[in-house]
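File shown: protein.txt (compact mmCIF, C-alpha atoms and all ligand atoms).
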```txt
# COMPACT_ATOMS: atom_id res chain seq x y z
CA MET A 1 -33.84 -12.17 -68.23
CA LYS A 2 -34.41 -14.31 -65.14
CA THR A 3 -37.94 -14.75 -63.85
CA TYR A 4 -38.61 -15.81 -60.27
CA LYS A 5 -41.89 -17.39 -59.31
CA ILE A 6 -43.09 -15.89 -56.01
CA ALA A 7 -46.07 -17.21 -54.03
CA ALA A 8 -47.64 -14.33 -52.09
CA ILE A 9 -49.69 -15.37 -49.05
CA PRO A 10 -50.88 -12.15 -47.35
CA GLY A 11 -53.00 -14.08 -44.79
CA ASP A 12 -54.90 -12.02 -42.24
CA GLY A 13 -55.18 -8.55 -40.69
CA ILE A 14 -52.32 -6.20 -41.51
CA GLY A 15 -50.63 -9.10 -43.34
CA LYS A 16 -52.81 -8.14 -46.32
CA GLU A 17 -51.78 -4.48 -46.09
CA VAL A 18 -48.04 -5.01 -45.71
CA VAL A 19 -47.72 -7.75 -48.35
CA ALA A 20 -49.57 -5.56 -50.90
CA ALA A 21 -47.07 -2.79 -50.07
CA GLY A 22 -44.14 -5.23 -50.25
CA LEU A 23 -45.15 -6.44 -53.72
CA ARG A 24 -45.17 -2.85 -54.99
CA VAL A 25 -41.68 -2.32 -53.59
CA LEU A 26 -40.47 -5.59 -55.16
CA GLU A 27 -41.93 -4.52 -58.50
CA ALA A 28 -39.96 -1.27 -58.22
CA CYS A 29 -36.83 -3.33 -57.45
CA SER A 30 -37.27 -5.45 -60.55
CA SER A 31 -37.96 -2.52 -62.86
CA ARG A 32 -35.01 -0.49 -61.47
CA ASP A 33 -32.70 -3.50 -61.79
CA GLY A 34 -33.82 -4.55 -65.27
CA ASN A 35 -32.20 -7.99 -65.05
CA PHE A 36 -34.93 -10.02 -63.39
CA LYS A 37 -38.70 -10.27 -63.26
CA LEU A 38 -41.03 -11.50 -60.57
CA ASP A 39 -43.95 -13.69 -61.53
CA VAL A 40 -46.23 -13.36 -58.48
CA ALA A 41 -49.17 -15.64 -57.74
CA ASP A 42 -51.50 -14.59 -54.94
CA PHE A 43 -52.97 -17.20 -52.57
CA PRO A 44 -56.01 -16.07 -50.56
CA TRP A 45 -55.35 -18.53 -47.73
CA GLY A 46 -55.89 -17.69 -44.06
CA SER A 47 -58.78 -17.11 -41.67
CA ASP A 48 -61.30 -15.84 -44.27
CA TYR A 49 -60.56 -18.93 -46.36
CA TYR A 50 -61.05 -21.04 -43.21
CA LYS A 51 -64.45 -19.49 -42.52
CA ALA A 52 -65.55 -20.25 -46.09
CA HIS A 53 -63.96 -23.70 -46.55
CA GLY A 54 -63.18 -25.11 -43.09
CA VAL A 55 -59.41 -25.21 -43.79
CA LEU A 56 -56.76 -22.48 -43.83
CA MET A 57 -55.25 -23.78 -47.04
CA PRO A 58 -56.68 -26.35 -49.45
CA GLU A 59 -55.59 -29.96 -49.55
CA GLY A 60 -52.74 -30.12 -52.06
CA GLY A 61 -51.85 -26.48 -51.31
CA ILE A 62 -48.36 -27.45 -50.21
CA ASP A 63 -47.77 -29.28 -53.51
CA GLU A 64 -48.82 -26.15 -55.40
CA LEU A 65 -46.22 -24.12 -53.49
CA LYS A 66 -43.39 -26.51 -54.41
CA ALA A 67 -43.20 -24.97 -57.88
CA PHE A 68 -42.23 -21.54 -56.50
CA ASP A 69 -38.78 -20.04 -55.96
CA ALA A 70 -39.87 -18.33 -52.73
CA ILE A 71 -42.89 -17.58 -50.58
CA TYR A 72 -43.72 -14.05 -49.39
CA PHE A 73 -45.94 -14.30 -46.32
CA GLY A 74 -47.86 -11.71 -44.27
CA ALA A 75 -49.37 -12.95 -41.00
CA VAL A 76 -52.04 -15.34 -39.85
CA GLY A 77 -54.47 -14.98 -36.94
CA ALA A 78 -57.98 -13.62 -36.48
CA PRO A 79 -59.86 -12.61 -33.34
CA ASP A 80 -62.64 -15.17 -33.98
CA VAL A 81 -60.49 -18.21 -34.86
CA PRO A 82 -58.35 -19.96 -32.20
CA ASP A 83 -54.67 -19.06 -32.65
CA HIS A 84 -53.44 -22.66 -32.50
CA LEU A 85 -55.68 -23.50 -35.50
CA THR A 86 -54.46 -20.60 -37.60
CA LEU A 87 -50.77 -21.07 -36.78
CA TRP A 88 -50.76 -24.84 -37.32
CA GLY A 89 -53.19 -24.61 -40.25
CA LEU A 90 -51.11 -22.25 -42.36
CA ARG A 91 -47.72 -20.96 -41.21
CA LEU A 92 -46.47 -24.16 -39.58
CA ALA A 93 -48.25 -26.21 -42.27
CA ILE A 94 -45.78 -24.63 -44.70
CA CYS A 95 -42.62 -24.36 -42.52
CA GLN A 96 -42.70 -27.99 -41.40
CA PRO A 97 -43.22 -29.96 -44.65
CA PHE A 98 -40.78 -27.62 -46.43
CA ASP A 99 -38.23 -28.29 -43.68
CA GLN A 100 -37.53 -24.58 -43.24
CA TYR A 101 -35.44 -25.36 -40.21
CA ALA A 102 -33.39 -22.17 -40.04
CA ASN A 103 -35.36 -19.09 -39.05
CA VAL A 104 -33.09 -16.08 -39.43
CA ARG A 105 -33.96 -12.76 -37.78
CA PRO A 106 -31.59 -9.82 -38.19
CA THR A 107 -32.05 -6.88 -35.83
CA ARG A 108 -30.34 -3.56 -35.97
CA ILE A 109 -31.20 0.02 -35.23
CA LEU A 110 -31.94 1.57 -38.61
CA PRO A 111 -31.03 5.20 -39.37
CA GLY A 112 -33.47 7.69 -37.83
CA ILE A 113 -34.90 5.13 -35.41
CA GLU A 114 -34.31 5.40 -31.69
CA SER A 115 -33.88 2.46 -29.38
CA PRO A 116 -35.88 2.62 -26.15
CA LEU A 117 -32.53 1.84 -24.48
CA ARG A 118 -30.93 5.10 -23.46
CA GLY A 119 -27.73 5.89 -25.36
CA VAL A 120 -27.81 2.72 -27.47
CA THR A 121 -27.09 3.35 -31.15
CA ALA A 122 -26.66 1.32 -34.33
CA ARG A 123 -23.07 0.61 -33.30
CA ASP A 124 -24.22 -1.18 -30.15
CA LEU A 125 -27.07 -3.26 -31.52
CA ASP A 126 -26.48 -5.30 -34.67
CA TRP A 127 -27.60 -8.88 -34.13
CA VAL A 128 -28.80 -11.90 -36.06
CA ILE A 129 -30.94 -14.37 -34.16
CA VAL A 130 -31.05 -17.92 -35.53
CA ARG A 131 -34.14 -19.76 -34.37
CA GLU A 132 -34.43 -23.54 -34.62
CA ASN A 133 -37.63 -23.79 -36.65
CA SER A 134 -38.51 -27.45 -37.02
CA GLU A 135 -38.62 -29.12 -33.60
CA GLY A 136 -37.99 -28.18 -29.94
CA GLU A 137 -41.00 -26.85 -28.09
CA TYR A 138 -43.07 -26.41 -31.27
CA ALA A 139 -42.66 -29.96 -32.58
CA GLY A 140 -46.36 -30.58 -32.05
CA GLN A 141 -45.86 -33.55 -29.69
CA GLY A 142 -48.32 -33.98 -26.87
CA GLY A 143 -51.99 -34.39 -26.27
CA ARG A 144 -54.98 -33.99 -23.99
CA SER A 145 -56.93 -36.62 -22.12
CA HIS A 146 -60.05 -36.61 -19.92
CA ARG A 147 -61.26 -33.36 -21.45
CA GLY A 148 -63.43 -31.26 -19.22
CA LEU A 149 -63.04 -33.57 -16.22
CA PRO A 150 -61.27 -32.52 -13.01
CA GLU A 151 -58.45 -34.97 -13.85
CA GLU A 152 -57.91 -33.47 -17.30
CA VAL A 153 -54.28 -33.61 -18.42
CA ALA A 154 -52.37 -31.93 -21.23
CA THR A 155 -48.78 -32.58 -22.29
CA GLU A 156 -46.58 -30.41 -24.51
CA VAL A 157 -43.40 -32.34 -25.22
CA SER A 158 -40.22 -30.68 -26.49
CA ILE A 159 -38.26 -32.71 -29.03
CA PHE A 160 -34.52 -32.29 -29.52
CA THR A 161 -32.88 -34.62 -32.04
CA ARG A 162 -29.16 -34.92 -32.68
CA ALA A 163 -29.81 -34.30 -36.39
CA GLY A 164 -32.01 -31.25 -35.76
CA VAL A 165 -29.73 -29.62 -33.20
CA SER A 166 -26.54 -30.36 -35.19
CA ARG A 167 -27.82 -28.75 -38.38
CA ILE A 168 -29.03 -25.55 -36.68
CA MET A 169 -25.76 -25.25 -34.69
CA ARG A 170 -23.73 -25.69 -37.86
CA PHE A 171 -25.87 -23.10 -39.64
CA ALA A 172 -25.42 -20.63 -36.76
CA PHE A 173 -21.64 -21.15 -36.52
CA GLN A 174 -21.33 -20.64 -40.29
CA LEU A 175 -23.40 -17.47 -40.11
CA ALA A 176 -21.33 -16.15 -37.19
CA GLN A 177 -18.15 -16.98 -39.13
CA SER A 178 -19.39 -14.95 -42.12
CA ARG A 179 -19.90 -11.81 -39.99
CA PRO A 180 -17.02 -9.48 -39.10
CA ARG A 181 -17.05 -10.11 -35.33
CA LYS A 182 -17.25 -13.94 -35.62
CA LEU A 183 -19.11 -14.06 -32.33
CA LEU A 184 -21.84 -16.54 -31.40
CA THR A 185 -23.97 -16.83 -28.27
CA VAL A 186 -25.71 -20.16 -27.71
CA VAL A 187 -28.87 -19.65 -25.64
CA THR A 188 -29.86 -22.53 -23.39
CA LYS A 189 -31.75 -23.51 -20.26
CA SER A 190 -29.75 -26.59 -19.36
CA ASN A 191 -29.82 -25.87 -15.64
CA ALA A 192 -33.54 -26.60 -15.39
CA GLN A 193 -34.13 -28.65 -18.54
CA ARG A 194 -31.65 -31.42 -18.03
CA HIS A 195 -32.24 -33.64 -21.08
CA GLY A 196 -32.94 -31.82 -24.35
CA MET A 197 -31.07 -28.68 -23.38
CA VAL A 198 -28.04 -30.64 -22.17
CA LEU A 199 -27.93 -32.38 -25.56
CA TRP A 200 -28.21 -28.91 -27.15
CA ASP A 201 -25.16 -27.70 -25.16
CA GLU A 202 -23.12 -30.83 -25.92
CA ILE A 203 -23.75 -30.51 -29.65
CA ALA A 204 -22.84 -26.80 -29.55
CA ARG A 205 -19.49 -27.78 -28.03
CA GLU A 206 -18.93 -30.49 -30.67
CA VAL A 207 -19.79 -28.25 -33.61
CA ALA A 208 -17.63 -25.43 -32.19
CA ASN A 209 -14.56 -27.63 -32.75
CA ASP A 210 -15.06 -27.20 -36.51
CA PHE A 211 -15.09 -23.41 -36.19
CA PRO A 212 -11.94 -22.47 -34.27
CA ASP A 213 -12.13 -18.87 -35.52
CA VAL A 214 -15.61 -18.31 -34.02
CA ILE A 215 -15.65 -17.04 -30.43
CA TRP A 216 -18.70 -18.46 -28.71
CA ASP A 217 -20.32 -18.48 -25.31
CA LYS A 218 -23.36 -19.94 -23.63
CA MET A 219 -26.14 -18.02 -21.88
CA LEU A 220 -29.16 -19.15 -19.91
CA VAL A 221 -32.24 -17.69 -21.58
CA ASP A 222 -33.33 -15.72 -18.50
CA ALA A 223 -29.91 -14.09 -18.16
CA MET A 224 -29.95 -13.47 -21.92
CA THR A 225 -32.86 -10.99 -21.56
CA VAL A 226 -30.74 -9.01 -19.09
CA ARG A 227 -27.68 -9.05 -21.35
CA MET A 228 -29.71 -7.98 -24.40
CA THR A 229 -31.03 -5.02 -22.44
CA LEU A 230 -27.97 -3.95 -20.45
CA ASN A 231 -25.08 -4.95 -22.69
CA PRO A 232 -26.36 -5.21 -26.28
CA GLY A 233 -22.93 -4.51 -27.77
CA SER A 234 -21.59 -7.77 -26.35
CA LEU A 235 -23.80 -9.79 -28.74
CA ASP A 236 -23.63 -10.50 -32.46
CA THR A 237 -25.01 -13.85 -33.72
CA ILE A 238 -27.37 -15.73 -31.41
CA VAL A 239 -28.77 -19.24 -31.69
CA ALA A 240 -31.72 -20.45 -29.63
CA THR A 241 -34.51 -23.00 -29.59
CA ASN A 242 -37.84 -22.50 -31.32
CA LEU A 243 -39.57 -21.08 -28.21
CA HIS A 244 -36.64 -19.17 -26.74
CA ALA A 245 -35.80 -17.44 -30.03
CA ASP A 246 -39.47 -16.69 -30.67
CA ILE A 247 -39.57 -14.68 -27.44
CA LEU A 248 -36.07 -13.18 -27.66
CA SER A 249 -36.63 -11.94 -31.20
CA ASP A 250 -39.72 -9.95 -30.20
CA LEU A 251 -37.63 -8.40 -27.43
CA ALA A 252 -34.86 -7.72 -29.96
CA ALA A 253 -37.32 -6.03 -32.33
CA ALA A 254 -38.66 -3.82 -29.54
CA LEU A 255 -35.12 -2.85 -28.45
CA ALA A 256 -34.37 -1.86 -32.06
CA GLY A 257 -37.39 0.45 -32.12
CA SER A 258 -40.51 -1.52 -33.11
CA ILE A 259 -41.81 -4.96 -33.91
CA GLY A 260 -43.02 -3.41 -37.18
CA ILE A 261 -39.51 -3.23 -38.64
CA ALA A 262 -38.29 -6.77 -37.92
CA PRO A 263 -37.88 -9.31 -40.76
CA THR A 264 -37.65 -13.10 -40.94
CA ALA A 265 -36.39 -15.70 -43.38
CA ASN A 266 -37.59 -19.28 -42.89
CA LEU A 267 -34.88 -21.11 -44.79
CA ASN A 268 -34.52 -24.57 -46.16
CA PRO A 269 -30.78 -23.99 -46.56
CA GLU A 270 -30.23 -26.95 -48.89
CA GLY A 271 -32.80 -25.56 -51.34
CA ARG A 272 -34.83 -28.78 -51.50
CA PHE A 273 -38.00 -26.76 -50.88
CA PRO A 274 -38.95 -23.09 -51.25
CA SER A 275 -38.00 -20.79 -48.39
CA MET A 276 -40.46 -18.31 -46.88
CA PHE A 277 -39.98 -14.62 -46.01
CA GLU A 278 -42.24 -12.68 -43.62
CA PRO A 279 -42.24 -9.90 -41.06
CA ILE A 280 -42.01 -11.23 -37.50
CA HIS A 281 -45.18 -9.46 -36.37
CA GLY A 282 -48.66 -10.93 -36.41
CA SER A 283 -51.95 -9.71 -37.84
CA ALA A 284 -52.25 -6.81 -35.33
CA PHE A 285 -56.04 -6.67 -34.86
CA ASP A 286 -55.79 -3.31 -33.10
CA ILE A 287 -54.57 -1.47 -36.21
CA THR A 288 -56.02 -3.59 -39.04
CA GLY A 289 -57.70 -1.52 -41.75
CA LYS A 290 -56.37 1.79 -40.44
CA GLY A 291 -53.63 2.13 -43.05
CA ILE A 292 -50.94 2.74 -40.43
CA ALA A 293 -49.14 -0.62 -40.25
CA ASN A 294 -45.40 -0.21 -40.51
CA PRO A 295 -44.41 -2.03 -43.73
CA VAL A 296 -40.64 -1.88 -43.07
CA GLY A 297 -40.42 -5.41 -41.60
CA THR A 298 -42.09 -6.75 -44.74
CA PHE A 299 -39.75 -4.71 -46.96
CA TRP A 300 -36.68 -5.93 -45.05
CA SER A 301 -38.00 -9.49 -45.48
CA ALA A 302 -38.08 -8.76 -49.23
CA VAL A 303 -34.38 -7.82 -48.97
CA MET A 304 -33.72 -11.25 -47.47
CA MET A 305 -35.78 -12.88 -50.24
CA LEU A 306 -33.82 -11.09 -52.98
CA GLU A 307 -30.54 -12.13 -51.31
CA HIS A 308 -31.78 -15.72 -51.18
CA LEU A 309 -32.71 -15.58 -54.90
CA GLY A 310 -29.16 -14.42 -55.70
CA GLU A 311 -30.11 -10.82 -56.53
CA ALA A 312 -27.54 -9.25 -54.21
CA SER A 313 -27.37 -5.84 -55.84
CA ALA A 314 -31.17 -5.42 -55.92
CA ALA A 315 -31.27 -6.53 -52.27
CA ALA A 316 -28.64 -3.97 -51.29
CA ARG A 317 -30.45 -1.24 -53.25
CA LEU A 318 -33.72 -2.02 -51.44
CA MET A 319 -31.98 -1.97 -48.04
CA ARG A 320 -30.45 1.43 -48.85
CA ALA A 321 -33.88 2.71 -49.91
CA ILE A 322 -35.42 1.48 -46.62
CA GLU A 323 -32.66 3.17 -44.62
CA ARG A 324 -33.10 6.42 -46.52
CA VAL A 325 -36.77 6.41 -45.66
CA THR A 326 -36.37 5.46 -41.99
CA ALA A 327 -33.83 8.28 -41.65
CA ASP A 328 -36.70 10.77 -42.18
CA PRO A 329 -38.92 11.03 -39.06
CA ALA A 330 -41.72 12.45 -41.24
CA LEU A 331 -41.95 8.94 -42.70
CA HIS A 332 -42.31 7.14 -39.38
CA THR A 333 -45.57 5.28 -38.71
CA PRO A 334 -47.28 5.57 -35.28
CA ASP A 335 -45.43 2.55 -33.81
CA LEU A 336 -42.31 4.74 -34.18
CA ARG A 337 -44.20 7.69 -32.68
CA GLY A 338 -44.73 9.29 -36.13
CA ASN A 339 -47.78 10.18 -38.20
CA ALA A 340 -46.96 8.52 -41.53
CA THR A 341 -49.21 5.95 -43.20
CA THR A 342 -48.31 2.63 -44.81
CA GLU A 343 -48.97 4.29 -48.17
CA MET A 344 -46.56 7.18 -47.51
CA VAL A 345 -43.75 4.83 -46.49
CA THR A 346 -44.39 2.57 -49.48
CA GLN A 347 -44.38 5.44 -51.96
CA ALA A 348 -41.19 6.85 -50.45
CA VAL A 349 -39.38 3.49 -50.60
CA CYS A 350 -40.50 2.95 -54.24
CA ALA A 351 -39.31 6.46 -55.13
CA ALA A 352 -35.95 5.85 -53.41
CA ILE A 353 -35.47 2.61 -55.38
CA LEU A 354 -36.47 4.08 -58.74
CA GLY A 355 -34.42 7.22 -58.14
CA ALA A 356 -31.37 5.30 -56.86
CA ASN A 357 -28.48 6.57 -58.79
CA GLU A 358 -25.51 4.51 -57.70
N1 LIG A 401 -46.19 -15.02 -38.14
C1 LIG A 401 -47.46 -14.88 -37.84
O1 LIG A 401 -48.31 -15.13 -38.66
C2 LIG A 401 -47.86 -14.38 -36.47
C3 LIG A 401 -46.90 -13.89 -35.57
C4 LIG A 401 -47.33 -13.38 -34.33
C5 LIG A 401 -48.68 -13.38 -34.03
N2 LIG A 401 -49.57 -13.88 -34.93
C6 LIG A 401 -51.03 -13.82 -34.70
O2 LIG A 401 -51.43 -12.45 -34.84
C7 LIG A 401 -52.51 -12.18 -33.95
C8 LIG A 401 -52.17 -10.98 -33.07
O3 LIG A 401 -51.06 -11.34 -32.23
P1 LIG A 401 -50.32 -10.36 -31.24
O4 LIG A 401 -51.22 -9.22 -30.92
O5 LIG A 401 -49.76 -11.19 -30.17
O6 LIG A 401 -49.03 -9.83 -32.06
P2 LIG A 401 -48.93 -8.73 -33.21
O7 LIG A 401 -47.54 -8.77 -33.72
O8 LIG A 401 -49.99 -8.92 -34.22
O9 LIG A 401 -49.20 -7.33 -32.48
C9 LIG A 401 -48.53 -6.93 -31.27
C10 LIG A 401 -48.54 -5.39 -31.17
O10 LIG A 401 -47.60 -4.87 -32.12
C11 LIG A 401 -48.25 -3.98 -33.02
N3 LIG A 401 -47.72 -4.22 -34.37
C12 LIG A 401 -47.43 -5.42 -34.92
N4 LIG A 401 -47.01 -5.25 -36.18
C13 LIG A 401 -47.02 -3.93 -36.44
C14 LIG A 401 -46.68 -3.15 -37.58
N5 LIG A 401 -46.25 -3.70 -38.72
N6 LIG A 401 -46.84 -1.82 -37.51
C15 LIG A 401 -47.25 -1.24 -36.36
N7 LIG A 401 -47.58 -1.93 -35.23
C16 LIG A 401 -47.47 -3.26 -35.28
C17 LIG A 401 -49.73 -4.31 -32.95
O11 LIG A 401 -50.51 -3.21 -33.33
C18 LIG A 401 -49.89 -4.77 -31.52
O12 LIG A 401 -50.10 -3.65 -30.69
C19 LIG A 401 -52.75 -13.47 -33.17
O13 LIG A 401 -53.79 -14.17 -33.83
C20 LIG A 401 -51.44 -14.22 -33.29
O14 LIG A 401 -51.59 -15.61 -33.20
C21 LIG A 401 -49.20 -14.36 -36.14
```
File written out as structure tokens:
Amino acid sequence: MKTYKIAAIPGDGIGKEVVAAGLRVLEACSSRDGNFKLDVADFPWGSDYYKAHGVLMPEGGIDELKAFDAIYFGAVGAPDVPDHLTLWGLRLAICQPFDQYANVRPTRILPGIESPLRGVTARDLDWVIVRENSEGEYAGQGGRSHRGLPEEVATEVSIFTRAGVSRIMRFAFQLAQSRPRKLLTVVTKSNAQRHGMVLWDEIAREVANDFPDVIWDKMLVDAMTVRMTLNPGSLDTIVATNLHADILSDLAAALAGSIGIAPTANLNPEGRFPSMFEPIHGSAFDITGKGIANPVGTFWSAVMMLEHLGEASAAARLMRAIERVTADPALHTPDLRGNATTEMVTQAVCAAILGANE
């Protein structure tokens, strides 16, 4: 029997609640499947750890994670710790050294869930957003001088490298090619940003030559928000920079019903380092501790983790279980205008996995 080593990092806020739920669902997947086990180690890193130790994760933490097959992450961020410290101290401190350059965010309208867009159904909205996850606007380049003085200056420099843009374009074209519609939209802002974004467009055109069967087009990011809202059926696979895709994927999640259902895979596609799976939402201070966080995004992220580990049939079984549960409005949490709790949804998904009789 195969055993996968999983590092669980629940982090902060509802991250703790949804990862605990996700681990129960994964346990149900392994016991229903019978062909693999999960050996889970829990890491108490995040804002509480920072308040006790002055760092979000210990020195050498990244080396500890190298031994794992995958990382299952919740969220990081606390009301009393600056967000740039928490994000750079934990989530980006893992994504960057592990070169998880492809951030993959599927969005579709699951059974039983209504889009806020009138008349839009699952047939019209089935997207995968590929976010460049290693450079661009979040490369960490920049600085501040003359702090506190009237002449204070801060720079935030976007970095676009030929290597970084080429590999994410290739990844996106391959993903588009593997989907039935073979359709890719390259999001850009090369009208206003005339250096990095023009390189981005040029490389898209070059890489496209190797994928003659993929139909692709280019969209300015501002116009993209309009197209996502008014003509969702015209989109399939989407590739965008770190910042643009960060914003567009929250919009995508909302158009598919709730940010609580949206998953993410942070992939190191070559497998040199562990990849990391997490819901796209944050620690949601407003609902922390209330037991009403929607765990579906974390469960869907577990589907992506099982796929990545090569457990395709367990992944498909979990996705079917999620869809069976979302189909029942009595199992919708308040973000979907229901009254269900995290616990009710978790129990129902576990029961659907264990009772799956395919
Ligand atoms: N990947 C991450 O770790 C990550 C991502 C985004 C934000 N954050 C951090 O989280 C903190 C809060 O950020 P924010 O408020 O901008 O975004 P958020 O995603 O935490 O919350 C936005 C809104 O969506 C709701 N929401 C989010 N997830 C939900 C779920 N599973 N079920 C039901 N409702 C849900 C929240 O209640 C809130 O009203 C900040 O510290 C931020 O830096 C972390």
Requested in this report: May I have the residues within 8 Å of segment 351-353 of chain A as a PyMOL selection string, using only C-alpha atoms and disregarding those fewer than 3 positions away in the same chain?
Outcome: chain A and resi 28-29+32+317-318+321+324-325+347-348+356
Requested in this report: Can you tell me which residues come within 8 Å of ligand LIG 401 (chain A) when counting all atoms listed in the file, ideally as a PyMOL selection string?
Outcome: chain A and resi 11+13-15+18+74-79+81-84+86-87+91+258-261+278-288+292-298+333-335
Could you give me, as a tab-separated table, a per-residue list for segment 170-281 of chain A showing, wherever an atom lies at most 10 Å from an atom of segment 149-158 of chain A, the closest pair of atoms and their distance in Å to one decimal, using only C-alpha atoms and sorting by chain then residue number from low to high?
```
residue	atom	partner	partner_atom	distance
A:Gly196	CA	A:Ser158	CA	7.7
A:Met197	CA	A:Ser158	CA	9.9
A:Asn242	CA	A:Ser158	CA	9.8
A:Leu243	CA	A:Ser158	CA	9.8
```
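Nearest-residue note for Pro111 of chain A: choosing from A:Gln177, A:Thr326, A:Thr3, A:Asn266, the minimum distance belongs to A:Thr326, counting all atoms listed in the file.
Using all atoms listed in the file, the residues found no farther than 12 Å from Ser166 of chain A, other than those of its own chain fewer than 2 positions away, are Tyr101, Ala102, Glu132, Phe160, Thr161, Arg162, Ala163, Gly164, Ile168, Met169, Arg170, Phe171, Ala172, Phe173, Leu199, Trp200, Asp201, Glu202, Ile203, Ala204, Arg205, Glu206, Val207, Ala208, Asp210 and Val239 of chain A.
Using all atoms listed in the file, the protein and nucleic acid residues lying no more than 10 Å from Leu117 of chain A, apart from those fewer than 3 places from it along its own chain, are A:Glu114, A:Val120, A:Thr121, A:Thr229, A:Leu230, A:Pro232, A:Ala254, A:Leu255, A:Ala256, A:Gly257.
Picture a line from atom CA of Trp216 of chain A to atom CA of Ile159 of chain A; it runs 24.2 Å.
Among the candidate residues A:Asp63, A:Asp12, A:Asp99, A:Asp80, the one lying nearest to Pro269 of chain A is A:Asp99, with distances computed using all atoms listed in the file.
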Query raised in the report: Can you tell me, as a PyMOL selection string, what residues are no more than 8 Å from Ser275 of chain A when counting all atoms listed in the file, ignoring any on the same chain fewer than 4 positions away?
Result: chain A and resi 69-71+98+100+265-268+271
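Between Ala315 of chain A and the residues A:His146, A:Val25, A:Pro106, A:Ala8, the shortest atom-to-atom distance, using all atoms listed in the file, involves A:Val25.
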Report task. Could you please give me, as a ChimeraX atom specification, the residues of protein, DNA or RNA lying at most 12 Å from (-26.0, -25.8, -15.5) in the coordinate frame of the file, considering all atoms listed in the file? Result -> /A:188-195,197-198,201-202,218-221
Got time to write the residues from that selection, C-alpha atoms, as a short mmCIF file (atom, residue, chain, number, x, y, z; two decimals), in the frame of the given file?
```cif
data_model
loop_
_atom_site.label_atom_id
_atom_site.label_comp_id
_atom_site.auth_asym_id
_atom_site.auth_seq_id
_atom_site.Cartn_x
_atom_site.Cartn_y
_atom_site.Cartn_z
CA THR A 188 -29.86 -22.53 -23.39
CA LYS A 189 -31.75 -23.51 -20.26
CA SER A 190 -29.75 -26.59 -19.36
CA ASN A 191 -29.82 -25.87 -15.64
CA ALA A 192 -33.54 -26.60 -15.39
CA GLN A 193 -34.13 -28.65 -18.54
CA ARG A 194 -31.65 -31.42 -18.03
CA HIS A 195 -32.24 -33.64 -21.08
CA MET A 197 -31.07 -28.68 -23.38
CA VAL A 198 -28.04 -30.64 -22.17
CA ASP A 201 -25.16 -27.70 -25.16
CA GLU A 202 -23.12 -30.83 -25.92
CA LYS A 218 -23.36 -19.94 -23.63
CA MET A 219 -26.14 -18.02 -21.88
CA LEU A 220 -29.16 -19.15 -19.91
CA VAL A 221 -32.24 -17.69 -21.58
#
```
Query raised in the report: Can you list, as a list in words, every protein, DNA or RNA residue that comes within 8 Å of Leu56 of chain A when you count only C-alpha atoms, leaving out same-chain residues fewer than 3 positions away?
Result: Trp45, Gly46, Ser47, Tyr49, Tyr50, His53, Thr86, Gly89 and Leu90 of chain A
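Picture a line from atom CA of Tyr138 of chain A to atom CA of Thr107 of chain A; it runs 22.9 Å.
Using all atoms listed in the file, the smallest distance between any of A:Gly60, A:Pro10, A:Gly34, A:Gly338 and Asp48 of chain A comes from A:Pro10.
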Could you please fill out segment 49-58 of chain A with N, CA and C atoms and send it back as an mmCIF file, in the frame of the given file?
```cif
data_model
loop_
_atom_site.group_PDB
_atom_site.id
_atom_site.type_symbol
_atom_site.label_atom_id
_atom_site.label_comp_id
_atom_site.auth_asym_id
_atom_site.auth_seq_id
_atom_site.Cartn_x
_atom_site.Cartn_y
_atom_site.Cartn_z
ATOM 1 N N TYR A 49 -60.459 -17.679 -45.597
ATOM 2 C CA TYR A 49 -60.560 -18.930 -46.360
ATOM 3 C C TYR A 49 -61.080 -20.043 -45.441
ATOM 4 N N TYR A 50 -60.613 -20.032 -44.196
ATOM 5 C CA TYR A 50 -61.050 -21.040 -43.210
ATOM 6 C C TYR A 50 -62.549 -20.919 -42.938
ATOM 7 N N LYS A 51 -63.023 -19.679 -42.819
ATOM 8 C CA LYS A 51 -64.450 -19.490 -42.520
ATOM 9 C C LYS A 51 -65.311 -19.951 -43.694
ATOM 10 N N ALA A 52 -64.780 -19.831 -44.903
ATOM 11 C CA ALA A 52 -65.550 -20.250 -46.090
ATOM 12 C C ALA A 52 -65.405 -21.741 -46.388
ATOM 13 N N HIS A 53 -64.229 -22.328 -46.098
ATOM 14 C CA HIS A 53 -63.960 -23.700 -46.550
ATOM 15 C C HIS A 53 -63.623 -24.682 -45.440
ATOM 16 N N GLY A 54 -63.477 -24.193 -44.204
ATOM 17 C CA GLY A 54 -63.180 -25.110 -43.090
ATOM 18 C C GLY A 54 -61.717 -25.496 -42.980
ATOM 19 N N VAL A 55 -60.871 -24.969 -43.866
ATOM 20 C CA VAL A 55 -59.410 -25.210 -43.790
ATOM 21 C C VAL A 55 -58.703 -23.897 -44.114
ATOM 22 N N LEU A 56 -57.485 -23.745 -43.562
ATOM 23 C CA LEU A 56 -56.760 -22.480 -43.830
ATOM 24 C C LEU A 56 -56.113 -22.465 -45.202
ATOM 25 N N MET A 57 -55.748 -23.661 -45.668
ATOM 26 C CA MET A 57 -55.250 -23.780 -47.040
ATOM 27 C C MET A 57 -55.814 -25.082 -47.599
ATOM 28 N N PRO A 58 -56.029 -25.154 -48.912
ATOM 29 C CA PRO A 58 -56.680 -26.350 -49.450
ATOM 30 C C PRO A 58 -55.773 -27.564 -49.409
#
```
